[in-house]
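Have a look at entry35.txt; it's compact mmCIF, C-alpha atoms:
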# COMPACT_ATOMS: atom_id res chain seq x y z
CA MET A 1 16.52 -14.55 11.85
CA LEU A 2 13.13 -13.82 13.43
CA GLU A 3 14.88 -12.38 16.49
CA GLN A 4 16.51 -9.78 14.23
CA ILE A 5 13.21 -8.58 12.70
CA THR A 6 10.87 -5.89 14.07
CA PRO A 7 7.48 -5.62 12.34
CA LEU A 8 6.44 -2.01 11.64
CA ILE A 9 2.78 -1.06 11.04
CA ILE A 10 1.13 2.33 10.56
CA THR A 11 -2.50 2.70 11.59
CA PHE A 12 -5.45 5.05 11.39
CA ASN A 13 -8.83 3.56 12.29
CA GLU A 14 -7.87 -0.02 11.42
CA ALA A 15 -10.13 -1.87 13.88
CA PRO A 16 -11.59 -4.11 11.12
CA ASN A 17 -8.08 -5.32 10.15
CA ILE A 18 -5.45 -4.98 12.86
CA ALA A 19 -6.27 -8.11 14.91
CA ARG A 20 -5.86 -10.36 11.86
CA ALA A 21 -2.51 -8.75 11.04
CA LEU A 22 -1.17 -9.12 14.59
CA ALA A 23 -2.37 -12.71 14.94
CA LYS A 24 0.24 -13.71 12.34
CA LEU A 25 3.06 -11.89 14.18
CA ALA A 26 2.99 -13.84 17.44
CA TRP A 27 6.67 -14.72 16.90
CA ALA A 28 7.80 -11.08 17.11
CA ARG A 29 9.43 -9.90 20.33
CA ARG A 30 8.51 -6.28 19.55
CA ILE A 31 6.03 -4.77 17.11
CA VAL A 32 6.15 -1.03 16.44
CA VAL A 33 2.83 0.59 15.55
CA ILE A 34 2.68 4.25 14.48
CA ASP A 35 -0.83 5.62 14.94
CA SER A 36 -2.08 8.95 13.60
CA GLY A 37 -5.19 9.50 15.71
CA SER A 38 -7.38 6.40 15.60
CA THR A 39 -10.82 6.76 17.22
CA ASP A 40 -12.56 3.52 16.14
CA GLY A 41 -11.24 1.11 18.77
CA THR A 42 -7.89 0.38 17.12
CA LEU A 43 -5.92 1.55 20.16
CA GLU A 44 -8.02 -0.58 22.51
CA LEU A 45 -7.34 -3.65 20.36
CA LEU A 46 -3.60 -2.93 20.31
CA LYS A 47 -3.50 -2.95 24.12
CA GLN A 48 -4.32 -6.66 24.03
CA TYR A 49 -0.90 -7.48 22.53
CA PRO A 50 1.95 -7.12 25.05
CA GLN A 51 4.70 -7.03 22.41
CA VAL A 52 3.08 -4.06 20.61
CA GLU A 53 4.55 -0.61 21.26
CA VAL A 54 2.24 2.16 20.06
CA LEU A 55 3.72 5.55 19.18
CA HIS A 56 1.56 8.51 18.18
CA HIS A 57 2.60 10.71 15.27
CA ALA A 58 0.54 13.27 13.35
CA PHE A 59 0.11 12.27 9.71
CA GLU A 60 1.87 14.45 7.12
CA ASN A 61 2.31 11.92 4.33
CA PHE A 62 3.06 8.20 4.08
CA ALA A 63 6.81 8.60 3.63
CA VAL A 64 7.16 10.76 6.74
CA GLN A 65 5.06 8.29 8.74
CA TRP A 66 7.06 5.24 7.67
CA ASN A 67 10.41 6.97 8.19
CA PHE A 68 9.38 8.04 11.67
CA GLY A 69 8.59 4.40 12.39
CA LEU A 70 11.97 3.24 11.07
CA GLU A 71 13.70 5.62 13.47
CA GLN A 72 12.10 3.74 16.37
CA ILE A 73 13.45 0.34 15.34
CA THR A 74 16.65 -0.93 16.95
CA SER A 75 16.86 -4.35 15.28
CA GLU A 76 18.85 -4.96 12.10
CA TRP A 77 15.80 -5.76 9.99
CA ALA A 78 12.36 -4.16 9.64
CA LEU A 79 9.24 -5.90 8.33
CA SER A 80 7.07 -3.15 6.85
CA LEU A 81 3.37 -4.06 6.87
CA ASP A 82 0.08 -2.30 6.24
CA ALA A 83 -2.60 -3.00 8.83
CA ASP A 84 -4.59 -5.02 6.29
CA TYR A 85 -1.71 -7.43 5.53
CA GLU A 86 -1.62 -11.00 6.85
CA ILE A 87 1.65 -12.93 6.77
CA SER A 88 1.15 -16.43 5.38
CA ASP A 89 2.42 -19.41 7.35
CA ALA A 90 4.70 -20.24 4.42
CA LEU A 91 6.30 -16.80 4.63
CA THR A 92 6.83 -17.07 8.39
CA GLU A 93 8.60 -20.40 7.86
CA GLU A 94 10.71 -18.87 5.10
CA LEU A 95 11.72 -15.94 7.30
CA THR A 96 12.85 -18.38 9.97
CA SER A 97 15.33 -20.01 7.60
CA LEU A 98 16.76 -16.85 5.99
CA ALA A 99 20.50 -16.28 6.29
CA PRO A 100 21.13 -13.25 4.05
CA ALA A 101 24.61 -12.27 2.93
CA GLU A 102 25.80 -8.74 3.65
CA VAL A 103 25.18 -7.63 0.05
CA ILE A 104 21.47 -8.36 0.41
CA ALA A 105 19.59 -5.30 1.66
CA GLY A 106 16.01 -6.45 1.34
CA PHE A 107 13.44 -9.02 0.28
CA ALA A 108 10.28 -8.52 -1.80
CA ALA A 109 7.15 -10.59 -1.20
CA PRO A 110 4.31 -11.52 -3.57
CA PHE A 111 0.73 -10.68 -2.61
CA ILE A 112 -2.53 -12.59 -2.75
CA TYR A 113 -5.53 -10.27 -2.78
CA ARG A 114 -8.55 -11.25 -0.71
CA ILE A 115 -12.07 -9.83 -0.71
CA ASN A 116 -13.72 -10.54 2.67
CA GLY A 117 -11.46 -13.54 3.15
CA LYS A 118 -11.82 -15.00 -0.36
CA ALA A 119 -8.55 -15.17 -2.29
CA LEU A 120 -8.64 -13.94 -5.89
CA ARG A 121 -6.90 -15.71 -8.75
CA GLY A 122 -4.99 -12.55 -9.57
CA SER A 123 -4.77 -8.83 -8.87
CA LEU A 124 -2.87 -5.73 -9.88
CA TYR A 125 -0.96 -5.66 -6.59
CA PRO A 126 2.79 -5.89 -7.34
CA ARG A 127 5.56 -7.45 -5.30
CA ARG A 128 6.70 -5.13 -2.54
CA THR A 129 9.95 -4.92 -0.62
CA VAL A 130 8.67 -5.58 2.89
CA LEU A 131 11.77 -6.89 4.68
CA PHE A 132 14.92 -4.77 4.68
CA ARG A 133 17.93 -3.64 6.67
CA THR A 134 16.91 -0.55 8.60
CA ASP A 135 20.20 1.29 7.96
CA ARG A 136 19.94 1.00 4.17
CA ALA A 137 16.38 2.09 3.42
CA ARG A 138 14.25 5.22 3.53
CA TYR A 139 10.84 6.06 2.12
CA LYS A 140 10.08 8.76 -0.45
CA MET A 141 6.73 9.96 -1.75
CA ASP A 142 5.83 8.86 -5.28
CA GLY A 143 2.44 10.19 -6.34
CA HIS A 144 -0.20 9.36 -3.73
CA THR A 145 1.86 6.70 -2.00
CA GLN A 146 5.35 5.94 -0.76
CA ARG A 147 8.31 4.30 -2.49
CA LEU A 148 11.14 2.55 -0.67
CA ALA A 149 14.64 3.68 -1.68
CA ILE A 150 17.03 0.91 -0.72
CA GLU A 151 20.80 0.56 -1.01
CA GLY A 152 21.77 -2.96 -1.96
CA GLU A 153 20.43 -6.10 -3.56
CA VAL A 154 16.77 -7.08 -3.18
CA ARG A 155 15.87 -10.77 -3.41
CA PRO A 156 12.42 -12.32 -3.96
CA LEU A 157 10.55 -14.24 -1.28
CA ARG A 158 8.41 -17.27 -2.13
CA GLY A 159 5.93 -17.01 0.73
CA ALA A 160 3.03 -14.65 0.14
CA ILE A 161 1.31 -11.90 2.07
CA TYR A 162 -2.48 -11.70 2.01
CA HIS A 163 -4.02 -8.27 1.39
CA ASP A 164 -7.51 -8.15 2.87
CA ASP A 165 -8.95 -4.72 3.68
CA ARG A 166 -12.30 -4.96 5.46
CA LYS A 167 -12.84 -1.30 6.29
CA PRO A 168 -16.22 0.16 5.20
CA LEU A 169 -16.65 0.87 1.50
CA ALA A 170 -17.36 4.55 2.23
CA ARG A 171 -13.87 4.85 3.72
CA TRP A 172 -12.41 3.36 0.54
CA PHE A 173 -14.30 5.85 -1.65
CA ALA A 174 -13.02 8.79 0.42
CA SER A 175 -9.44 7.52 0.22
CA GLN A 176 -9.61 7.02 -3.54
CA GLN A 177 -10.73 10.61 -4.09
CA ARG A 178 -7.68 11.86 -2.22
CA TYR A 179 -5.35 9.37 -3.91
CA ALA A 180 -6.63 10.28 -7.38
CA ARG A 181 -5.98 13.96 -6.77
CA ASP A 182 -2.43 13.36 -5.55
CA GLU A 183 -1.66 10.91 -8.35
CA ALA A 184 -2.98 13.27 -11.03
CA GLN A 185 -0.72 16.04 -9.78
CA HIS A 186 2.22 13.63 -9.84
CA LEU A 187 1.50 12.52 -13.43
CA LEU A 188 1.01 16.03 -14.78
CA ARG A 189 4.10 17.41 -13.07
CA SER A 190 6.29 14.51 -14.18
CA GLY A 191 5.50 14.69 -17.90
CA SER A 192 5.14 11.71 -20.23
CA ASN A 193 8.88 11.39 -20.91
CA ASN A 194 9.54 10.59 -17.25
CA LEU A 195 6.74 8.04 -16.81
CA GLY A 196 6.41 4.32 -17.39
CA GLY A 197 4.05 2.72 -19.90
CA LEU A 198 0.96 2.47 -17.70
CA ASP A 199 1.36 5.97 -16.32
CA ARG A 200 1.67 7.36 -19.85
CA ILE A 201 -1.67 5.76 -20.67
CA ARG A 202 -3.14 7.27 -17.49
CA LEU A 203 -1.85 10.67 -18.53
CA ILE A 204 -3.91 10.50 -21.74
CA GLY A 205 -6.96 10.79 -19.52
CA TRP A 206 -9.35 8.09 -20.74
CA PRO A 207 -8.04 4.65 -21.90
CA ALA A 208 -6.77 3.40 -18.52
CA PRO A 209 -10.16 2.73 -16.82
CA ILE A 210 -11.38 0.56 -19.71
CA LEU A 211 -8.07 -1.29 -20.13
CA VAL A 212 -7.60 -1.95 -16.41
CA PHE A 213 -11.18 -3.24 -16.04
CA LEU A 214 -10.80 -5.71 -18.91
CA TYR A 215 -7.27 -6.72 -17.87
CA THR A 216 -8.40 -7.45 -14.32
CA LEU A 217 -11.47 -9.45 -15.33
CA LEU A 218 -10.00 -11.43 -18.23
CA PHE A 219 -6.21 -11.64 -18.01
CA LYS A 220 -6.03 -11.83 -14.20
CA GLY A 221 -8.96 -14.24 -14.06
CA CYS A 222 -11.21 -12.29 -11.70
CA LEU A 223 -14.17 -13.12 -13.94
CA LEU A 224 -13.92 -16.66 -12.51
CA ASP A 225 -13.94 -15.46 -8.88
CA GLY A 226 -17.66 -14.69 -8.80
CA TRP A 227 -18.96 -11.58 -7.06
CA CYS A 228 -15.64 -11.06 -5.26
CA GLY A 229 -13.86 -10.86 -8.61
CA TRP A 230 -16.42 -8.41 -9.97
CA PHE A 231 -16.13 -6.34 -6.80
CA TYR A 232 -12.36 -6.05 -7.20
CA ALA A 233 -12.59 -5.24 -10.92
CA LEU A 234 -15.17 -2.53 -10.25
CA GLN A 235 -12.95 -1.08 -7.52
CA ARG A 236 -10.08 -0.83 -10.01
CA LEU A 237 -12.40 0.67 -12.63
CA PHE A 238 -13.59 3.32 -10.17
CA ALA A 239 -10.06 4.16 -9.00
CA GLU A 240 -8.80 4.62 -12.56
CA THR A 241 -11.92 6.60 -13.51
CA MET A 242 -11.36 8.99 -10.61
CA LEU A 243 -7.76 9.49 -11.73
CA ALA A 244 -8.84 10.11 -15.35
CA LEU A 245 -11.41 12.65 -14.17
CA GLU A 246 -8.80 14.51 -12.10
CA VAL A 247 -6.38 14.65 -15.07
CA ASN A 248 -9.09 15.94 -17.40
CA ASP A 249 -10.43 18.38 -14.81
CA HIS A 250 -6.98 19.94 -14.56
CA ARG A 251 -6.81 20.36 -18.33
CA LEU A 252 -10.29 21.87 -18.53
CA ARG A 253 -9.47 24.35 -15.77
CA ALA A 254 -6.19 25.25 -17.47
CA ASP A 255 -8.11 26.03 -20.69
CA ASP A 256 -10.70 28.20 -18.89
CA PRO A 257 -9.70 31.90 -19.15
CA SER A 258 -11.91 32.77 -16.17
CA ARG A 259 -9.64 30.66 -13.96
CA ALA A 260 -6.38 32.24 -15.08
CA GLY A 261 -4.00 32.57 -12.14
CA LEU A 262 -5.94 30.21 -9.89
CA PRO A 263 -4.41 26.94 -8.58
CA PRO A 264 -5.21 23.88 -10.77
CA TRP A 265 -6.78 22.02 -7.81
CA ARG A 266 -9.15 23.75 -5.40
Whole structure, structure tokens version:
Amino acid sequence: MLEQITPLIITFNEAPNIARALAKLAWARRIVVIDSGSTDGTLELLKQYPQVEVLHHAFENFAVQWNFGLEQITSEWALSLDADYEISDALTEELTSLAPAEVIAGFAAPFIYRINGKALRGSLYPRRTVLFRTDRARYKMDGHTQRLAIEGEVRPLRGAIYHDDRKPLARWFASQQRYARDEAQHLLRSGSNNLGGLDRIRLIGWPAPILVFLYTLLFKGCLLDGWCGWFYALQRLFAETMLALEVNDHRLRADDPSRAGLPPWR
């Protein structure tokens, strides 16, 4: 099965992460990396791995970037990975023994969140379909991020993927500001009737930050993970607060007669 899988990674200034991700993919004959202009040493690191093929593609959005990468894959299966993902040994062993029937189009893996190498007891990171047949899947934008549209049955995997992003905190803050703006536009354009439970709460514009903070600390057990748990909970609090501020900012601008006719986000 491993011979039928091509790992696909998209990168932009991922020097703090990419070596750890690639170290767990030594079994791959070919790894496709789509880079959108890295300047931090990522490209130099990638040159150390002979099975890595780097392709350069200007970033438009995540869906376009991932779909461009899928077009470069010739194997039957793609393994879609962020640069801060590490495949567990258990998952590699599981992939080796897979023998999927034709009706199965993909597999979804659970995630274990790490903060600087320390695994948390729980996180808000959901299962994600990471392994799929390349001819049955395409990415679409959904708010600030991408969503995989797949034709066929998706089965769960037992082996986990570790999520461990070690890029500077300032980079994370900048990303969250952009994500919050995109997500707020998505929520407001969709309307509450077309949203799930959590997104409806986010659309209200204030309860989500408080609820997510408490849920992460207490229900997910991050309170017991020491400073790493607090760090993660505060990250989630900040991300939800930024989103709530963007939603409320839009409403305040819409109610301001002096801004009549101007775009909601400037």
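Here the residues that fall within 6 Å of (-3.8, -15.1, 0.9), using all atoms listed in the file, are given as Ile112, Ala119 and Tyr162 of chain A.
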Discussion item. Env of Thr129 (chain A): 8 Å cut, atoms = all atoms listed in the file, seq-sep filter 2 positions within chain, self excluded. Answer as a list of chain:residue names.
Written reply: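 The neighbour list is A:Gly106, A:Phe107, A:Ala108, A:Ala109, A:Arg127, A:Leu131, A:Phe132, A:Leu148, A:Val154.
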Response to the item:
Expressed in Å, the length from CA of Arg133 (chain A) to CA of Ile104 (chain A) is 8.6 Å
Worksheet item: What is the CA of Arg171 (chain A)-CA of Cys228 (chain A) distance in Å, reported with one decimal?
Response: 18.4 Å
Fill in: Residues within 6 Å of region 173-183 of chain A, all atoms listed in the file, excluding chain neighbours under 5 positions, as a PyMOL selection string
chain A and resi 143-144+242-243
Residues just named, written with C-alpha atoms as an mmCIF file, in the coordinates of the input:
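Below is the file result32.cif, written as the result:
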data_model
loop_
_atom_site.group_PDB
_atom_site.id
_atom_site.type_symbol
_atom_site.label_atom_id
_atom_site.label_comp_id
_atom_site.auth_asym_id
_atom_site.auth_seq_id
_atom_site.Cartn_x
_atom_site.Cartn_y
_atom_site.Cartn_z
ATOM 1 C CA GLY A 143 2.440 10.190 -6.340
ATOM 2 C CA HIS A 144 -0.200 9.360 -3.730
ATOM 3 C CA MET A 242 -11.360 8.990 -10.610
ATOM 4 C CA LEU A 243 -7.760 9.490 -11.730
#
Worksheet entry | Test item: residues at most 12 Å from Thr6 (chain A), only C-alpha atoms, excluding those fewer than 3 positions along its chain, as a count of residues only | 34
Practice prompt. Give the answer as one residue: which of A:Pro156, A:Pro16, A:Pro7, A:Pro209 has the shortest atom-to-atom distance to Leu98 (chain A), using all atoms listed in the file?
Written response: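 Of the candidates, the smallest distance to Leu98 (chain A) is held by A:Pro156.
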Fill in: Spatial neighbours of region 212-217 of chain A, max dist 8 Å, only C-alpha atoms, sep filter under 6 positions, as an MDAnalysis selection string
chainID A and resid 122:124 223 229:230 233:234 236:237 240
Worksheet item: What does the distance between CA of His57 (chain A) and CA of Ser36 (chain A) come to in Å, to one decimal place?
Response: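 Interatomic distance here is 5.3 Å.
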Around the point (3.7, 2.8, 9.5), in the coordinates given by the file, pick out the residues reaching within 6 Å, counting all atoms listed in the file, and return them as a PDB file with C-alpha atoms, in the coordinates of the input.
ATOM      1  CA  LEU A   8       6.440  -2.010  11.640  1.00  0.00           C
ATOM      2  CA  ILE A   9       2.780  -1.060  11.040  1.00  0.00           C
ATOM      3  CA  ILE A  10       1.130   2.330  10.560  1.00  0.00           C
ATOM      4  CA  ILE A  34       2.680   4.250  14.480  1.00  0.00           C
ATOM      5  CA  GLN A  65       5.060   8.290   8.740  1.00  0.00           C
ATOM      6  CA  TRP A  66       7.060   5.240   7.670  1.00  0.00           C
ATOM      7  CA  GLY A  69       8.590   4.400  12.390  1.00  0.00           C
TER       8      GLY A  69
END
Item to complete: Would you kindly return, as a list in words, each protein, DNA or RNA residue with an atom no farther than 9 Å from any atom of Arg147 (chain A), considering only C-alpha atoms and excluding same-chain residues fewer than 6 positions away?
Response: Ala63, Arg138, Tyr139, Lys140 and Met141 of chain A
For region 184-199 of chain A, what centre and edge lengths in Å (one decimal) does the axis-aligned box get once 5 Å is added on each side of all its listed atoms, as JSON?
{"center_x": 3.3, "center_y": 9.9, "center_z": -15.3, "size_x": 22.5, "size_y": 24.9, "size_z": 21.1}
Starting from the sparse input, extend region 172-183 of chain A to all heavy atoms and give the output as a PDB file, in the coordinates of the input.
ATOM      1  N   TRP A 172     -13.192   3.600   1.761  1.00  0.00           N
ATOM      2  CA  TRP A 172     -12.410   3.360   0.540  1.00  0.00           C
ATOM      3  C   TRP A 172     -12.684   4.442  -0.507  1.00  0.00           C
ATOM      4  O   TRP A 172     -11.757   4.953  -1.123  1.00  0.00           O
ATOM      5  CB  TRP A 172     -12.740   1.975  -0.018  1.00  0.00           C
ATOM      6  CG  TRP A 172     -11.917   1.601  -1.208  1.00  0.00           C
ATOM      7  CD1 TRP A 172     -10.670   1.036  -1.218  1.00  0.00           C
ATOM      8  CD2 TRP A 172     -12.273   1.779  -2.592  1.00  0.00           C
ATOM      9  NE1 TRP A 172     -10.227   0.858  -2.509  1.00  0.00           N
ATOM     10  CE2 TRP A 172     -11.190   1.299  -3.368  1.00  0.00           C
ATOM     11  CE3 TRP A 172     -13.392   2.291  -3.235  1.00  0.00           C
ATOM     12  CZ2 TRP A 172     -11.207   1.318  -4.762  1.00  0.00           C
ATOM     13  CZ3 TRP A 172     -13.406   2.312  -4.623  1.00  0.00           C
ATOM     14  CH2 TRP A 172     -12.326   1.829  -5.373  1.00  0.00           C
ATOM     15  N   PHE A 173     -13.956   4.804  -0.682  1.00  0.00           N
ATOM     16  CA  PHE A 173     -14.300   5.850  -1.650  1.00  0.00           C
ATOM     17  C   PHE A 173     -13.608   7.169  -1.279  1.00  0.00           C
ATOM     18  O   PHE A 173     -13.050   7.853  -2.149  1.00  0.00           O
ATOM     19  CB  PHE A 173     -15.814   6.075  -1.688  1.00  0.00           C
ATOM     20  CG  PHE A 173     -16.551   5.096  -2.554  1.00  0.00           C
ATOM     21  CD1 PHE A 173     -17.539   4.277  -2.023  1.00  0.00           C
ATOM     22  CD2 PHE A 173     -16.280   4.996  -3.899  1.00  0.00           C
ATOM     23  CE1 PHE A 173     -18.227   3.373  -2.813  1.00  0.00           C
ATOM     24  CE2 PHE A 173     -16.957   4.105  -4.711  1.00  0.00           C
ATOM     25  CZ  PHE A 173     -17.937   3.281  -4.160  1.00  0.00           C
ATOM     26  N   ALA A 174     -13.635   7.534  -0.019  1.00  0.00           N
ATOM     27  CA  ALA A 174     -13.020   8.790   0.420  1.00  0.00           C
ATOM     28  C   ALA A 174     -11.515   8.770   0.169  1.00  0.00           C
ATOM     29  O   ALA A 174     -10.929   9.770  -0.266  1.00  0.00           O
ATOM     30  CB  ALA A 174     -13.314   9.030   1.892  1.00  0.00           C
ATOM     31  N   SER A 175     -10.884   7.642   0.436  1.00  0.00           N
ATOM     32  CA  SER A 175      -9.440   7.520   0.220  1.00  0.00           C
ATOM     33  C   SER A 175      -9.108   7.641  -1.264  1.00  0.00           C
ATOM     34  O   SER A 175      -8.131   8.306  -1.648  1.00  0.00           O
ATOM     35  CB  SER A 175      -8.939   6.184   0.764  1.00  0.00           C
ATOM     36  OG  SER A 175      -9.123   6.094   2.154  1.00  0.00           O
ATOM     37  N   GLN A 176      -9.903   6.998  -2.112  1.00  0.00           N
ATOM     38  CA  GLN A 176      -9.610   7.020  -3.540  1.00  0.00           C
ATOM     39  C   GLN A 176      -9.713   8.426  -4.119  1.00  0.00           C
ATOM     40  O   GLN A 176      -8.954   8.783  -5.032  1.00  0.00           O
ATOM     41  CB  GLN A 176     -10.568   6.082  -4.289  1.00  0.00           C
ATOM     42  CG  GLN A 176     -10.314   4.623  -4.015  1.00  0.00           C
ATOM     43  CD  GLN A 176      -8.884   4.205  -4.281  1.00  0.00           C
ATOM     44  OE1 GLN A 176      -8.318   4.522  -5.332  1.00  0.00           O
ATOM     45  NE2 GLN A 176      -8.296   3.485  -3.345  1.00  0.00           N
ATOM     46  N   GLN A 177     -10.618   9.228  -3.606  1.00  0.00           N
ATOM     47  CA  GLN A 177     -10.730  10.610  -4.090  1.00  0.00           C
ATOM     48  C   GLN A 177      -9.453  11.383  -3.794  1.00  0.00           C
ATOM     49  O   GLN A 177      -8.943  12.123  -4.648  1.00  0.00           O
ATOM     50  CB  GLN A 177     -11.930  11.292  -3.444  1.00  0.00           C
ATOM     51  CG  GLN A 177     -12.195  12.691  -4.004  1.00  0.00           C
ATOM     52  CD  GLN A 177     -13.470  13.295  -3.446  1.00  0.00           C
ATOM     53  OE1 GLN A 177     -14.012  12.811  -2.455  1.00  0.00           O
ATOM     54  NE2 GLN A 177     -13.948  14.342  -4.073  1.00  0.00           N
ATOM     55  N   ARG A 178      -8.926  11.187  -2.598  1.00  0.00           N
ATOM     56  CA  ARG A 178      -7.680  11.860  -2.220  1.00  0.00           C
ATOM     57  C   ARG A 178      -6.497  11.314  -3.016  1.00  0.00           C
ATOM     58  O   ARG A 178      -5.652  12.067  -3.506  1.00  0.00           O
ATOM     59  CB  ARG A 178      -7.441  11.688  -0.722  1.00  0.00           C
ATOM     60  CG  ARG A 178      -6.205  12.411  -0.204  1.00  0.00           C
ATOM     61  CD  ARG A 178      -6.074  12.287   1.291  1.00  0.00           C
ATOM     62  NE  ARG A 178      -5.766  10.916   1.707  1.00  0.00           N
ATOM     63  CZ  ARG A 178      -6.620  10.094   2.282  1.00  0.00           C
ATOM     64  NH1 ARG A 178      -7.873  10.482   2.489  1.00  0.00           N
ATOM     65  NH2 ARG A 178      -6.272   8.872   2.641  1.00  0.00           N
ATOM     66  N   TYR A 179      -6.447   9.982  -3.169  1.00  0.00           N
ATOM     67  CA  TYR A 179      -5.350   9.370  -3.910  1.00  0.00           C
ATOM     68  C   TYR A 179      -5.346   9.825  -5.370  1.00  0.00           C
ATOM     69  O   TYR A 179      -4.286  10.096  -5.947  1.00  0.00           O
ATOM     70  CB  TYR A 179      -5.461   7.846  -3.865  1.00  0.00           C
ATOM     71  CG  TYR A 179      -5.262   7.229  -2.505  1.00  0.00           C
ATOM     72  CD1 TYR A 179      -5.679   5.919  -2.238  1.00  0.00           C
ATOM     73  CD2 TYR A 179      -4.680   7.943  -1.454  1.00  0.00           C
ATOM     74  CE1 TYR A 179      -5.500   5.343  -0.988  1.00  0.00           C
ATOM     75  CE2 TYR A 179      -4.510   7.376  -0.198  1.00  0.00           C
ATOM     76  CZ  TYR A 179      -4.918   6.084   0.023  1.00  0.00           C
ATOM     77  OH  TYR A 179      -4.747   5.509   1.264  1.00  0.00           O
ATOM     78  N   ALA A 180      -6.537   9.892  -5.970  1.00  0.00           N
ATOM     79  CA  ALA A 180      -6.630  10.280  -7.380  1.00  0.00           C
ATOM     80  C   ALA A 180      -6.109  11.700  -7.589  1.00  0.00           C
ATOM     81  O   ALA A 180      -5.410  11.986  -8.567  1.00  0.00           O
ATOM     82  CB  ALA A 180      -8.074  10.156  -7.866  1.00  0.00           C
ATOM     83  N   ARG A 181      -6.436  12.573  -6.668  1.00  0.00           N
ATOM     84  CA  ARG A 181      -5.980  13.960  -6.770  1.00  0.00           C
ATOM     85  C   ARG A 181      -4.457  14.047  -6.677  1.00  0.00           C
ATOM     86  O   ARG A 181      -3.802  14.707  -7.488  1.00  0.00           O
ATOM     87  CB  ARG A 181      -6.632  14.779  -5.668  1.00  0.00           C
ATOM     88  CG  ARG A 181      -6.286  16.258  -5.697  1.00  0.00           C
ATOM     89  CD  ARG A 181      -7.139  17.007  -4.693  1.00  0.00           C
ATOM     90  NE  ARG A 181      -6.815  18.413  -4.675  1.00  0.00           N
ATOM     91  CZ  ARG A 181      -7.522  19.328  -4.037  1.00  0.00           C
ATOM     92  NH1 ARG A 181      -8.599  18.961  -3.366  1.00  0.00           N
ATOM     93  NH2 ARG A 181      -7.182  20.593  -4.046  1.00  0.00           N
ATOM     94  N   ASP A 182      -3.879  13.344  -5.715  1.00  0.00           N
ATOM     95  CA  ASP A 182      -2.430  13.360  -5.550  1.00  0.00           C
ATOM     96  C   ASP A 182      -1.717  12.725  -6.738  1.00  0.00           C
ATOM     97  O   ASP A 182      -0.688  13.209  -7.207  1.00  0.00           O
ATOM     98  CB  ASP A 182      -2.033  12.626  -4.266  1.00  0.00           C
ATOM     99  CG  ASP A 182      -2.483  13.356  -3.009  1.00  0.00           C
ATOM    100  OD1 ASP A 182      -2.834  14.546  -3.110  1.00  0.00           O
ATOM    101  OD2 ASP A 182      -2.487  12.727  -1.936  1.00  0.00           O
ATOM    102  N   GLU A 183      -2.284  11.614  -7.231  1.00  0.00           N
ATOM    103  CA  GLU A 183      -1.660  10.910  -8.350  1.00  0.00           C
ATOM    104  C   GLU A 183      -1.736  11.731  -9.627  1.00  0.00           C
ATOM    105  O   GLU A 183      -0.796  11.751 -10.432  1.00  0.00           O
ATOM    106  CB  GLU A 183      -2.328   9.552  -8.550  1.00  0.00           C
ATOM    107  CG  GLU A 183      -1.591   8.626  -9.488  1.00  0.00           C
ATOM    108  CD  GLU A 183      -0.249   8.161  -8.934  1.00  0.00           C
ATOM    109  OE1 GLU A 183      -0.041   8.233  -7.706  1.00  0.00           O
ATOM    110  OE2 GLU A 183       0.592   7.743  -9.751  1.00  0.00           O
TER     111      GLU A 183
END
